[in-house]
file protein06.txt (compact mmCIF, N, CA and C atoms)
# COMPACT_ATOMS: atom_id res chain seq x y z
N MET P 280 -59.49 196.85 43.89
CA MET P 280 -59.86 196.16 42.68
C MET P 280 -60.92 195.11 42.95
N MET P 281 -60.80 194.38 44.08
CA MET P 281 -61.82 193.38 44.40
C MET P 281 -63.18 194.05 44.52
N SER P 282 -63.20 195.28 45.09
CA SER P 282 -64.49 195.94 45.22
C SER P 282 -65.08 196.26 43.85
N ASN P 283 -64.24 196.53 42.85
CA ASN P 283 -64.72 196.74 41.49
C ASN P 283 -65.39 195.47 40.98
N PHE P 284 -64.74 194.33 41.16
CA PHE P 284 -65.32 193.06 40.73
C PHE P 284 -66.61 192.79 41.49
N GLU P 285 -66.61 193.01 42.79
CA GLU P 285 -67.81 192.79 43.60
C GLU P 285 -68.96 193.68 43.15
N THR P 286 -68.67 194.92 42.77
CA THR P 286 -69.71 195.83 42.29
C THR P 286 -70.41 195.25 41.07
N TYR P 287 -69.67 194.59 40.22
CA TYR P 287 -70.23 193.96 39.03
C TYR P 287 -70.94 192.65 39.35
N LEU P 288 -70.47 191.93 40.36
CA LEU P 288 -70.93 190.56 40.64
C LEU P 288 -72.12 190.47 41.58
N LEU P 289 -72.04 191.11 42.74
CA LEU P 289 -72.99 190.86 43.81
C LEU P 289 -74.40 191.35 43.48
N GLY P 290 -75.40 190.55 43.88
CA GLY P 290 -76.79 190.96 43.69
C GLY P 290 -77.67 189.80 43.30
N LEU P 291 -78.95 190.12 43.13
CA LEU P 291 -79.95 189.16 42.68
C LEU P 291 -80.31 189.52 41.25
N TYR P 292 -80.24 188.54 40.37
CA TYR P 292 -80.48 188.74 38.95
C TYR P 292 -81.64 187.87 38.48
N ASN P 293 -82.33 188.34 37.42
CA ASN P 293 -83.33 187.50 36.77
C ASN P 293 -83.38 187.83 35.28
N ASN P 294 -83.90 186.90 34.51
CA ASN P 294 -84.03 187.09 33.07
C ASN P 294 -85.51 187.11 32.65
N LYS P 295 -86.34 187.73 33.47
CA LYS P 295 -87.79 187.75 33.24
C LYS P 295 -88.14 188.27 31.85
N ARG P 296 -87.56 189.37 31.45
CA ARG P 296 -87.88 189.96 30.15
C ARG P 296 -87.54 188.99 29.02
N GLN P 297 -86.38 188.41 29.08
CA GLN P 297 -85.96 187.46 28.04
C GLN P 297 -86.87 186.23 28.02
N ALA P 298 -87.18 185.69 29.19
CA ALA P 298 -88.03 184.50 29.27
C ALA P 298 -89.44 184.78 28.76
N GLN P 299 -89.96 185.96 29.05
CA GLN P 299 -91.29 186.30 28.56
C GLN P 299 -91.30 186.60 27.07
N SER P 300 -90.21 187.12 26.56
CA SER P 300 -90.13 187.42 25.13
C SER P 300 -89.90 186.17 24.29
N TYR P 301 -89.19 185.19 24.85
CA TYR P 301 -88.85 183.95 24.12
C TYR P 301 -89.14 182.74 25.00
N PRO P 302 -90.42 182.49 25.33
CA PRO P 302 -90.76 181.45 26.31
C PRO P 302 -90.39 180.02 25.88
N THR P 303 -90.26 179.77 24.60
CA THR P 303 -89.88 178.42 24.17
C THR P 303 -88.37 178.21 24.16
N GLU P 304 -87.63 179.31 24.30
CA GLU P 304 -86.16 179.21 24.26
C GLU P 304 -85.50 179.41 25.62
N TYR P 305 -86.13 180.19 26.51
CA TYR P 305 -85.49 180.52 27.78
C TYR P 305 -86.46 180.33 28.94
N SER P 306 -86.02 179.59 29.94
CA SER P 306 -86.75 179.48 31.20
C SER P 306 -86.46 180.73 32.02
N GLN P 307 -87.38 181.07 32.92
CA GLN P 307 -87.10 182.18 33.81
C GLN P 307 -86.25 181.68 34.98
N VAL P 308 -85.11 182.31 35.14
CA VAL P 308 -84.10 181.88 36.11
C VAL P 308 -83.70 183.06 36.98
N PHE P 309 -83.38 182.77 38.23
CA PHE P 309 -82.82 183.75 39.15
C PHE P 309 -81.41 183.31 39.51
N ILE P 310 -80.52 184.29 39.68
CA ILE P 310 -79.16 184.03 40.15
C ILE P 310 -78.90 184.98 41.32
N LEU P 311 -78.40 184.43 42.40
CA LEU P 311 -78.04 185.22 43.57
C LEU P 311 -76.54 185.07 43.81
N TRP P 312 -75.83 186.20 43.91
CA TRP P 312 -74.43 186.24 44.31
C TRP P 312 -74.36 187.09 45.55
N GLU P 313 -73.84 186.52 46.64
CA GLU P 313 -73.73 187.27 47.89
C GLU P 313 -72.40 186.99 48.56
N LYS P 314 -71.93 187.99 49.32
CA LYS P 314 -70.70 187.84 50.09
C LYS P 314 -71.06 187.21 51.43
N ILE P 315 -70.28 186.23 51.85
CA ILE P 315 -70.50 185.55 53.12
C ILE P 315 -69.15 185.45 53.84
N ASP P 316 -69.18 185.04 55.11
CA ASP P 316 -67.93 184.81 55.84
C ASP P 316 -67.11 183.78 55.09
N GLY P 317 -65.88 184.12 54.78
CA GLY P 317 -64.98 183.18 54.12
C GLY P 317 -65.03 183.20 52.61
N GLY P 318 -65.92 184.00 52.01
CA GLY P 318 -65.96 184.03 50.55
C GLY P 318 -67.28 184.52 49.99
N TYR P 319 -67.80 183.75 49.04
CA TYR P 319 -69.01 184.12 48.32
C TYR P 319 -69.91 182.90 48.18
N HIS P 320 -71.18 183.17 47.99
CA HIS P 320 -72.18 182.13 47.81
C HIS P 320 -72.95 182.45 46.53
N SER P 321 -73.13 181.44 45.68
CA SER P 321 -73.96 181.62 44.49
C SER P 321 -75.03 180.55 44.47
N LYS P 322 -76.18 180.95 43.93
CA LYS P 322 -77.31 180.03 43.85
C LYS P 322 -78.13 180.39 42.63
N GLN P 323 -78.58 179.36 41.89
CA GLN P 323 -79.43 179.57 40.72
C GLN P 323 -80.65 178.68 40.83
N TRP P 324 -81.82 179.24 40.46
CA TRP P 324 -83.05 178.46 40.52
C TRP P 324 -84.02 178.92 39.45
N TYR P 325 -84.88 177.99 39.06
CA TYR P 325 -85.97 178.32 38.15
C TYR P 325 -87.08 179.00 38.94
N ARG P 326 -87.76 179.97 38.34
CA ARG P 326 -88.84 180.69 39.00
C ARG P 326 -89.89 179.72 39.54
N ARG P 327 -90.21 178.69 38.76
CA ARG P 327 -91.26 177.74 39.17
C ARG P 327 -90.88 176.95 40.42
N ASP P 328 -89.57 176.77 40.67
CA ASP P 328 -89.11 175.98 41.82
C ASP P 328 -88.87 176.81 43.07
N GLY P 329 -88.50 178.06 42.90
CA GLY P 329 -88.22 178.93 44.03
C GLY P 329 -86.81 178.75 44.57
N PRO P 330 -86.36 179.69 45.41
CA PRO P 330 -84.99 179.67 45.92
C PRO P 330 -84.68 178.50 46.85
N GLU P 331 -85.71 177.85 47.37
CA GLU P 331 -85.48 176.70 48.26
C GLU P 331 -85.05 175.45 47.48
N LYS P 332 -85.22 175.47 46.15
CA LYS P 332 -84.86 174.32 45.31
C LYS P 332 -83.93 174.75 44.18
N PRO P 333 -82.71 175.19 44.52
CA PRO P 333 -81.79 175.62 43.47
C PRO P 333 -81.30 174.43 42.64
N TYR P 334 -81.03 174.69 41.38
CA TYR P 334 -80.43 173.65 40.54
C TYR P 334 -78.91 173.75 40.54
N ARG P 335 -78.38 174.86 41.03
CA ARG P 335 -76.93 175.00 41.21
C ARG P 335 -76.69 175.88 42.42
N GLU P 336 -75.76 175.44 43.27
CA GLU P 336 -75.40 176.21 44.45
C GLU P 336 -73.96 175.89 44.80
N LYS P 337 -73.15 176.93 45.01
CA LYS P 337 -71.73 176.75 45.28
C LYS P 337 -71.23 177.83 46.23
N TYR P 338 -70.06 177.57 46.79
CA TYR P 338 -69.29 178.58 47.50
C TYR P 338 -68.08 178.91 46.63
N HIS P 339 -67.53 180.11 46.86
CA HIS P 339 -66.41 180.57 46.03
C HIS P 339 -65.45 181.41 46.87
N LYS P 340 -64.22 181.44 46.40
CA LYS P 340 -63.23 182.39 46.90
C LYS P 340 -62.61 183.05 45.68
N LEU P 341 -62.25 184.31 45.83
CA LEU P 341 -61.64 185.05 44.73
C LEU P 341 -60.16 185.27 45.02
N VAL P 342 -59.36 185.09 43.99
CA VAL P 342 -57.93 185.32 44.06
C VAL P 342 -57.59 186.39 43.03
N GLU P 343 -57.03 187.50 43.51
CA GLU P 343 -56.64 188.58 42.60
C GLU P 343 -55.33 188.21 41.92
N VAL P 344 -55.35 188.15 40.61
CA VAL P 344 -54.15 187.88 39.82
C VAL P 344 -53.49 189.20 39.46
N SER P 345 -54.28 190.15 39.02
CA SER P 345 -53.81 191.49 38.69
C SER P 345 -55.00 192.44 38.79
N GLU P 346 -54.82 193.69 38.43
CA GLU P 346 -55.93 194.64 38.49
C GLU P 346 -57.03 194.30 37.51
N THR P 347 -56.71 193.51 36.49
CA THR P 347 -57.70 193.19 35.46
C THR P 347 -58.00 191.69 35.37
N GLU P 348 -57.50 190.91 36.31
CA GLU P 348 -57.78 189.47 36.31
C GLU P 348 -58.01 188.95 37.73
N VAL P 349 -59.07 188.15 37.88
CA VAL P 349 -59.32 187.45 39.13
C VAL P 349 -59.69 186.01 38.79
N ILE P 350 -59.37 185.13 39.71
CA ILE P 350 -59.76 183.73 39.58
C ILE P 350 -60.84 183.46 40.61
N MET P 351 -61.94 182.89 40.15
CA MET P 351 -63.01 182.49 41.04
C MET P 351 -62.85 181.00 41.31
N GLN P 352 -62.41 180.69 42.53
CA GLN P 352 -62.26 179.28 42.93
C GLN P 352 -63.63 178.75 43.34
N ASN P 353 -63.92 177.53 42.92
CA ASN P 353 -65.21 176.91 43.23
C ASN P 353 -65.07 175.89 44.35
N TYR P 354 -66.10 175.86 45.19
CA TYR P 354 -66.16 174.94 46.33
C TYR P 354 -67.56 174.33 46.40
N HIS P 355 -67.61 173.09 46.85
CA HIS P 355 -68.89 172.46 47.13
C HIS P 355 -69.45 173.08 48.41
N LEU P 356 -70.68 172.74 48.77
CA LEU P 356 -71.31 173.35 49.93
C LEU P 356 -70.70 172.92 51.26
N ASP P 357 -69.82 171.91 51.25
CA ASP P 357 -69.08 171.56 52.47
C ASP P 357 -67.68 172.19 52.46
N TRP P 358 -67.45 173.13 51.55
CA TRP P 358 -66.20 173.85 51.38
C TRP P 358 -65.05 172.97 50.88
N THR P 359 -65.33 171.82 50.30
CA THR P 359 -64.27 171.07 49.63
C THR P 359 -64.09 171.66 48.24
N ARG P 360 -62.84 171.69 47.79
CA ARG P 360 -62.51 172.33 46.50
C ARG P 360 -63.16 171.60 45.34
N HIS P 361 -63.52 172.37 44.34
CA HIS P 361 -64.01 171.85 43.06
C HIS P 361 -63.24 172.59 41.97
N GLU P 362 -61.91 172.38 41.98
CA GLU P 362 -61.02 173.18 41.14
C GLU P 362 -61.22 172.98 39.65
N ASP P 363 -61.79 171.85 39.24
CA ASP P 363 -62.00 171.62 37.81
C ASP P 363 -62.93 172.65 37.19
N CYS P 364 -63.72 173.35 38.01
CA CYS P 364 -64.66 174.34 37.49
C CYS P 364 -64.32 175.77 37.88
N ASP P 365 -63.04 176.02 38.24
CA ASP P 365 -62.60 177.38 38.52
C ASP P 365 -62.70 178.21 37.24
N MET P 366 -62.96 179.51 37.43
CA MET P 366 -63.07 180.42 36.28
C MET P 366 -62.09 181.57 36.43
N ILE P 367 -61.64 182.07 35.30
CA ILE P 367 -60.83 183.28 35.29
C ILE P 367 -61.65 184.40 34.66
N PHE P 368 -61.62 185.56 35.31
CA PHE P 368 -62.33 186.74 34.82
C PHE P 368 -61.31 187.80 34.44
N THR P 369 -61.52 188.42 33.28
CA THR P 369 -60.65 189.52 32.83
C THR P 369 -61.53 190.75 32.61
N TYR P 370 -60.96 191.89 32.96
CA TYR P 370 -61.68 193.16 32.86
C TYR P 370 -61.16 193.93 31.67
N ASP P 371 -62.08 194.38 30.80
CA ASP P 371 -61.68 195.12 29.60
C ASP P 371 -61.88 196.64 29.73
N GLY P 372 -62.11 197.09 30.98
CA GLY P 372 -62.35 198.51 31.20
C GLY P 372 -63.83 198.85 31.32
N LYS P 373 -64.69 197.93 30.84
CA LYS P 373 -66.13 198.15 30.91
C LYS P 373 -66.88 196.95 31.49
N ARG P 374 -66.37 195.75 31.23
CA ARG P 374 -67.06 194.52 31.64
C ARG P 374 -66.03 193.50 32.10
N TRP P 375 -66.51 192.57 32.94
CA TRP P 375 -65.70 191.42 33.33
C TRP P 375 -66.16 190.22 32.50
N HIS P 376 -65.21 189.50 31.92
CA HIS P 376 -65.52 188.33 31.09
C HIS P 376 -64.92 187.09 31.74
N GLY P 377 -65.76 186.10 32.01
CA GLY P 377 -65.29 184.89 32.68
C GLY P 377 -65.42 183.66 31.82
N LYS P 378 -64.44 182.76 31.99
CA LYS P 378 -64.47 181.46 31.31
C LYS P 378 -63.77 180.44 32.19
N LEU P 379 -64.07 179.18 31.95
CA LEU P 379 -63.43 178.11 32.70
C LEU P 379 -61.94 178.12 32.42
N ILE P 380 -61.15 177.79 33.44
CA ILE P 380 -59.70 177.81 33.28
C ILE P 380 -59.22 176.60 32.47
N GLY P 381 -59.74 175.43 32.76
CA GLY P 381 -59.34 174.24 32.03
C GLY P 381 -60.50 173.65 31.26
N ASP P 382 -60.35 172.40 30.86
CA ASP P 382 -61.44 171.74 30.14
C ASP P 382 -61.85 170.44 30.82
N ASN P 383 -61.68 170.39 32.15
CA ASN P 383 -62.03 169.19 32.91
C ASN P 383 -63.30 169.33 33.74
N CYS P 384 -64.00 170.44 33.61
CA CYS P 384 -65.24 170.64 34.37
C CYS P 384 -66.34 169.78 33.76
N THR P 385 -67.02 169.01 34.60
CA THR P 385 -68.12 168.18 34.13
C THR P 385 -69.35 168.39 35.01
N ALA P 386 -70.51 168.16 34.41
CA ALA P 386 -71.78 168.19 35.13
C ALA P 386 -72.75 167.28 34.40
N LYS P 387 -73.48 166.51 35.15
CA LYS P 387 -74.45 165.56 34.58
C LYS P 387 -73.77 164.60 33.60
N GLY P 388 -72.48 164.32 33.82
CA GLY P 388 -71.75 163.38 32.99
C GLY P 388 -71.17 163.94 31.70
N TYR P 389 -71.24 165.25 31.52
CA TYR P 389 -70.76 165.85 30.28
C TYR P 389 -69.78 166.97 30.54
N LYS P 390 -68.91 167.23 29.56
CA LYS P 390 -67.95 168.32 29.64
C LYS P 390 -68.70 169.65 29.61
N VAL P 391 -68.35 170.54 30.53
CA VAL P 391 -69.00 171.84 30.62
C VAL P 391 -68.20 172.89 29.87
N VAL P 392 -68.90 173.69 29.11
CA VAL P 392 -68.36 174.89 28.50
C VAL P 392 -69.19 176.04 29.05
N ALA P 393 -68.54 177.03 29.65
CA ALA P 393 -69.27 178.10 30.32
C ALA P 393 -68.61 179.44 30.06
N GLU P 394 -69.45 180.47 30.02
CA GLU P 394 -68.95 181.84 29.94
C GLU P 394 -69.90 182.74 30.71
N ILE P 395 -69.34 183.78 31.31
CA ILE P 395 -70.11 184.78 32.05
C ILE P 395 -69.55 186.15 31.69
N HIS P 396 -70.46 187.09 31.48
CA HIS P 396 -70.07 188.48 31.23
C HIS P 396 -70.80 189.33 32.25
N LEU P 397 -70.04 190.03 33.08
CA LEU P 397 -70.62 190.93 34.08
C LEU P 397 -70.61 192.33 33.48
N THR P 398 -71.81 192.86 33.22
CA THR P 398 -71.94 194.10 32.46
C THR P 398 -72.11 195.35 33.31
N GLY P 399 -72.27 195.18 34.60
CA GLY P 399 -72.58 196.31 35.49
C GLY P 399 -74.03 196.22 35.91
N PRO P 400 -74.96 196.60 35.02
CA PRO P 400 -76.37 196.47 35.39
C PRO P 400 -76.90 195.04 35.25
N GLY P 401 -76.13 194.17 34.67
CA GLY P 401 -76.60 192.81 34.44
C GLY P 401 -75.50 191.78 34.34
N LEU P 402 -75.93 190.63 33.90
CA LEU P 402 -75.05 189.47 33.79
C LEU P 402 -75.53 188.67 32.60
N GLU P 403 -74.61 188.22 31.77
CA GLU P 403 -74.94 187.35 30.65
C GLU P 403 -74.17 186.06 30.85
N SER P 404 -74.83 184.94 30.63
CA SER P 404 -74.14 183.67 30.83
C SER P 404 -74.65 182.59 29.88
N ARG P 405 -73.80 181.62 29.67
CA ARG P 405 -74.15 180.46 28.88
C ARG P 405 -73.38 179.27 29.45
N ASP P 406 -74.11 178.20 29.73
CA ASP P 406 -73.52 176.93 30.15
C ASP P 406 -74.05 175.87 29.21
N LYS P 407 -73.18 174.98 28.81
CA LYS P 407 -73.64 173.85 28.01
C LYS P 407 -72.81 172.63 28.31
N GLY P 408 -73.44 171.47 28.17
CA GLY P 408 -72.77 170.20 28.36
C GLY P 408 -72.60 169.50 27.03
N LEU P 409 -71.38 169.05 26.77
CA LEU P 409 -71.06 168.40 25.50
C LEU P 409 -70.63 166.97 25.73
N ASP P 410 -71.04 166.07 24.84
CA ASP P 410 -70.57 164.68 24.94
C ASP P 410 -69.17 164.59 24.35
N GLU P 411 -68.60 163.37 24.34
CA GLU P 411 -67.22 163.18 23.87
C GLU P 411 -67.03 163.55 22.41
N ASN P 412 -68.11 163.65 21.63
CA ASN P 412 -68.03 164.04 20.23
C ASN P 412 -68.34 165.52 20.00
N GLY P 413 -68.55 166.26 21.10
CA GLY P 413 -68.84 167.67 21.00
C GLY P 413 -70.30 167.99 20.74
N LYS P 414 -71.17 166.98 20.85
CA LYS P 414 -72.61 167.19 20.63
C LYS P 414 -73.23 167.83 21.87
N LEU P 415 -74.09 168.81 21.64
CA LEU P 415 -74.77 169.51 22.73
C LEU P 415 -75.77 168.56 23.40
N MET P 416 -75.59 168.32 24.71
CA MET P 416 -76.46 167.42 25.46
C MET P 416 -77.39 168.17 26.41
N TRP P 417 -76.97 169.33 26.87
CA TRP P 417 -77.83 170.19 27.69
C TRP P 417 -77.30 171.61 27.58
N GLY P 418 -78.15 172.55 27.98
CA GLY P 418 -77.77 173.96 27.88
C GLY P 418 -78.25 174.55 26.59
N GLY P 419 -77.86 175.76 26.34
CA GLY P 419 -78.34 176.45 25.16
C GLY P 419 -77.25 177.06 24.33
N LEU P 420 -77.65 177.49 23.17
CA LEU P 420 -76.71 178.14 22.26
C LEU P 420 -76.62 179.64 22.52
N GLY P 421 -77.73 180.23 22.97
CA GLY P 421 -77.76 181.67 23.21
C GLY P 421 -77.39 182.02 24.64
N LEU P 422 -77.02 183.28 24.82
CA LEU P 422 -76.70 183.79 26.15
C LEU P 422 -77.98 184.08 26.92
N PHE P 423 -78.02 183.68 28.18
CA PHE P 423 -79.07 184.11 29.08
C PHE P 423 -78.72 185.53 29.50
N LYS P 424 -79.68 186.44 29.42
CA LYS P 424 -79.42 187.85 29.73
C LYS P 424 -80.22 188.23 30.98
N PHE P 425 -79.48 188.49 32.05
CA PHE P 425 -80.06 188.80 33.35
C PHE P 425 -79.89 190.28 33.67
N VAL P 426 -80.85 190.81 34.43
CA VAL P 426 -80.71 192.15 34.97
C VAL P 426 -80.76 192.05 36.49
N ARG P 427 -80.08 192.97 37.13
CA ARG P 427 -80.07 192.99 38.59
C ARG P 427 -81.42 193.49 39.07
N SER P 428 -81.98 192.77 40.05
CA SER P 428 -83.31 193.13 40.58
C SER P 428 -83.22 194.33 41.51

call {"tool": "encode", "arguments": {"input": "protein06.txt", "output": "C-alpha cells"}}
result
Amino acid sequence: MMSNFETYLLGLYNNKRQAQSYPTEYSQVFILWEKIDGGYHSKQWYRRDGPEKPYREKYHKLVEVSETEVIMQNYHLDWTRHEDCDMIFTYDGKRWHGKLIGDNCTAKGYKVVAEIHLTGPGLESRDKGLDENGKLMWGGLGLFKFVRS
C-alpha cells in the first residue's frame, strides 16, 4: 500500500501551464518529493529563485493507518517533529486526498489551511494563512495544479 501512495507522491512537479495561462494569479512553482534514508524530503521553490532557495522544505515520515489512509508526519530539517502540521491522506480508489489533521498549524504568524490531491499524473494543492478573524492573509483561493515533469 505504501508503494501505491509513493507512486502518486514521488517526483518533480511544476505548474508551468497554469502559471503561463494565468500569470497574475499563479506564480510558477516547482515541488520535489523524494525518498531518502529515514523517510521523505519535500521542497518547494519559485522558478525565479531556483531549487537552491526553496520557500518550503521539510522531512517526513509516513505511517500507514489502513489500506486507504496514511499519515504524513512533518519534521524540520534537523529531524525535530513538527506535529502541528501533520496531514492525513485518504484514498478514494483513484486519488489521494490530504488535509491537516488539526487546526494548530501556523506559518508566518497565521493559521494554515491546506489541502493536497495526488491525482497520479499530477498534484493539486492549496495553502492559505488566515488571521484570527478568518481573513485571508496569504495564499490563494484556487488550487495550484501541478504536473509531474

call {"tool": "select_by_dssp", "arguments": {"input": "protein06.txt", "residues": "chain P", "states": "helix (DSSP H, G or I)", "output": "PyMOL selection string"}}
result
chain P and resi 281-288+295-300+362-364

call {"tool": "residues_around", "arguments": {"input": "protein06.txt", "residues": "region 406-414 of chain P", "least_positions_apart": "6", "cutoff": "6 Å", "atoms": "only N, CA and C atoms", "output": "PDB file with N, CA and C atoms, in the coordinates of the input"}}
result
ATOM      1  N   TYR P 389     -71.240 165.250  31.520  1.00  0.00           N
ATOM      2  CA  TYR P 389     -70.760 165.850  30.280  1.00  0.00           C
ATOM      3  C   TYR P 389     -69.780 166.970  30.540  1.00  0.00           C
ATOM      4  N   LYS P 390     -68.910 167.230  29.560  1.00  0.00           N
ATOM      5  CA  LYS P 390     -67.950 168.320  29.640  1.00  0.00           C
ATOM      6  C   LYS P 390     -68.700 169.650  29.610  1.00  0.00           C
ATOM      7  N   VAL P 391     -68.350 170.540  30.530  1.00  0.00           N
ATOM      8  CA  VAL P 391     -69.000 171.840  30.620  1.00  0.00           C
ATOM      9  C   VAL P 391     -68.200 172.890  29.870  1.00  0.00           C
ATOM     10  N   VAL P 392     -68.900 173.690  29.110  1.00  0.00           N
ATOM     11  CA  VAL P 392     -68.360 174.890  28.500  1.00  0.00           C
ATOM     12  C   VAL P 392     -69.190 176.040  29.050  1.00  0.00           C
ATOM     13  N   ALA P 393     -68.540 177.030  29.650  1.00  0.00           N
ATOM     14  CA  ALA P 393     -69.270 178.100  30.320  1.00  0.00           C
ATOM     15  C   ALA P 393     -68.610 179.440  30.060  1.00  0.00           C
ATOM     16  N   GLU P 394     -69.450 180.470  30.020  1.00  0.00           N
ATOM     17  CA  GLU P 394     -68.950 181.840  29.940  1.00  0.00           C
ATOM     18  C   GLU P 394     -69.900 182.740  30.710  1.00  0.00           C
TER      19      GLU P 394
END

call {"tool": "residues_around", "arguments": {"input": "protein06.txt", "residues": "Gln352 (chain P)", "least_positions_apart": "5", "cutoff": "8 Å", "atoms": "only N, CA and C atoms", "output": "list in words"}}
result
Tyr338, His339, Lys340, Leu341, Val342, Arg360, His361, Glu362, Cys364, Asp365, Met366 and Ile367 of chain P

call {"tool": "atom_distance", "arguments": {"input": "protein06.txt", "atom1": "CA of Leu289 (chain P)", "atom2": "CA of Ser345 (chain P)"}}
result
19.9 Å

call {"tool": "closest_residue", "arguments": {"input": "protein06.txt", "among": "P:Trp358, P:Trp312, P:Tyr325, P:Tyr334", "to": "Ser428 (chain P)", "atoms": "only C-alpha atoms"}}
result
P:Trp312

call {"tool": "residues_around", "arguments": {"input": "protein06.txt", "residues": "Phe423 (chain P)", "least_positions_apart": "2", "cutoff": "8 Å", "atoms": "only C-alpha atoms", "output": "PyMOL selection string"}}
result
chain P and resi 294+297+305+403-405+421+425

call {"tool": "atom_distance", "arguments": {"input": "protein06.txt", "atom1": "CA of Leu402 (chain P)", "atom2": "CA of Val308 (chain P)"}}
result
12.0 Å

call {"tool": "atom_distance", "arguments": {"input": "protein06.txt", "atom1": "CA of Phe309 (chain P)", "atom2": "CA of Lys295 (chain P)"}}
result
8.7 Å

call {"tool": "select_by_dssp", "arguments": {"input": "protein06.txt", "residues": "chain P", "states": "strand (DSSP E)", "output": "number ranges by chain"}}
result
P: 290-293, 308-315, 318-325, 335-345, 348-354, 366-370, 375-379, 385-386, 389-397, 401-409, 415-418, 423-427

call {"tool": "residues_near_point", "arguments": {"input": "protein06.txt", "point": "(-89.8, 183.5, 32.5)", "cutoff": "5 Å", "atoms": "all atoms listed in the file", "output": "number ranges by chain"}}
result
P: 295, 298-299, 306-307

call {"tool": "residues_near_point", "arguments": {"input": "protein06.txt", "point": "(-72.0, 189.3, 49.2)", "cutoff": "8 Å", "atoms": "all atoms listed in the file", "output": "PDB file with N, CA and C atoms, keeping the file's coordinate frame"}}
result
ATOM      1  N   GLU P 285     -66.610 193.010  42.790  1.00  0.00           N
ATOM      2  CA  GLU P 285     -67.810 192.790  43.600  1.00  0.00           C
ATOM      3  C   GLU P 285     -68.960 193.680  43.150  1.00  0.00           C
ATOM      4  N   LEU P 288     -70.470 191.930  40.360  1.00  0.00           N
ATOM      5  CA  LEU P 288     -70.930 190.560  40.640  1.00  0.00           C
ATOM      6  C   LEU P 288     -72.120 190.470  41.580  1.00  0.00           C
ATOM      7  N   LEU P 289     -72.040 191.110  42.740  1.00  0.00           N
ATOM      8  CA  LEU P 289     -72.990 190.860  43.810  1.00  0.00           C
ATOM      9  C   LEU P 289     -74.400 191.350  43.480  1.00  0.00           C
ATOM     10  N   GLY P 290     -75.400 190.550  43.880  1.00  0.00           N
ATOM     11  CA  GLY P 290     -76.790 190.960  43.690  1.00  0.00           C
ATOM     12  C   GLY P 290     -77.670 189.800  43.300  1.00  0.00           C
ATOM     13  N   TRP P 312     -75.830 186.200  43.910  1.00  0.00           N
ATOM     14  CA  TRP P 312     -74.430 186.240  44.310  1.00  0.00           C
ATOM     15  C   TRP P 312     -74.360 187.090  45.550  1.00  0.00           C
ATOM     16  N   GLU P 313     -73.840 186.520  46.640  1.00  0.00           N
ATOM     17  CA  GLU P 313     -73.730 187.270  47.890  1.00  0.00           C
ATOM     18  C   GLU P 313     -72.400 186.990  48.560  1.00  0.00           C
ATOM     19  N   LYS P 314     -71.930 187.990  49.320  1.00  0.00           N
ATOM     20  CA  LYS P 314     -70.700 187.840  50.090  1.00  0.00           C
ATOM     21  C   LYS P 314     -71.060 187.210  51.430  1.00  0.00           C
ATOM     22  N   ILE P 315     -70.280 186.230  51.850  1.00  0.00           N
ATOM     23  CA  ILE P 315     -70.500 185.550  53.120  1.00  0.00           C
ATOM     24  C   ILE P 315     -69.150 185.450  53.840  1.00  0.00           C
ATOM     25  N   ASP P 316     -69.180 185.040  55.110  1.00  0.00           N
ATOM     26  CA  ASP P 316     -67.930 184.810  55.840  1.00  0.00           C
ATOM     27  C   ASP P 316     -67.110 183.780  55.090  1.00  0.00           C
ATOM     28  N   GLY P 318     -65.920 184.000  52.010  1.00  0.00           N
ATOM     29  CA  GLY P 318     -65.960 184.030  50.550  1.00  0.00           C
ATOM     30  C   GLY P 318     -67.280 184.520  49.990  1.00  0.00           C
ATOM     31  N   TYR P 319     -67.800 183.750  49.040  1.00  0.00           N
ATOM     32  CA  TYR P 319     -69.010 184.120  48.320  1.00  0.00           C
ATOM     33  C   TYR P 319     -69.910 182.900  48.180  1.00  0.00           C
ATOM     34  N   HIS P 320     -71.180 183.170  47.990  1.00  0.00           N
ATOM     35  CA  HIS P 320     -72.180 182.130  47.810  1.00  0.00           C
ATOM     36  C   HIS P 320     -72.950 182.450  46.530  1.00  0.00           C
TER      37      HIS P 320
END

call {"tool": "closest_residue", "arguments": {"input": "protein06.txt", "among": "P:Pro330, P:Val426, P:Met416, P:Asp382", "to": "Pro400 (chain P)", "atoms": "only N, CA and C atoms"}}
result
P:Val426

call {"tool": "closest_residue", "arguments": {"input": "protein06.txt", "among": "P:Asp363, P:Lys373, P:Arg296, P:Leu422", "to": "Thr385 (chain P)", "atoms": "all atoms listed in the file"}}
result
P:Asp363

call {"tool": "closest_residue", "arguments": {"input": "protein06.txt", "among": "P:Phe368, P:Gly329, P:Glu336, P:Lys322", "to": "Met351 (chain P)", "atoms": "all atoms listed in the file"}}
result
P:Phe368

call {"tool": "closest_residue", "arguments": {"input": "protein06.txt", "among": "P:Leu311, P:Trp324, P:Lys424, P:Thr369", "to": "Gly401 (chain P)", "atoms": "only C-alpha atoms"}}
result
P:Lys424

call {"tool": "closest_residue", "arguments": {"input": "protein06.txt", "among": "P:Asp371, P:Thr303, P:Trp417, P:Leu291", "to": "Glu348 (chain P)", "atoms": "only C-alpha atoms"}}
result
P:Asp371
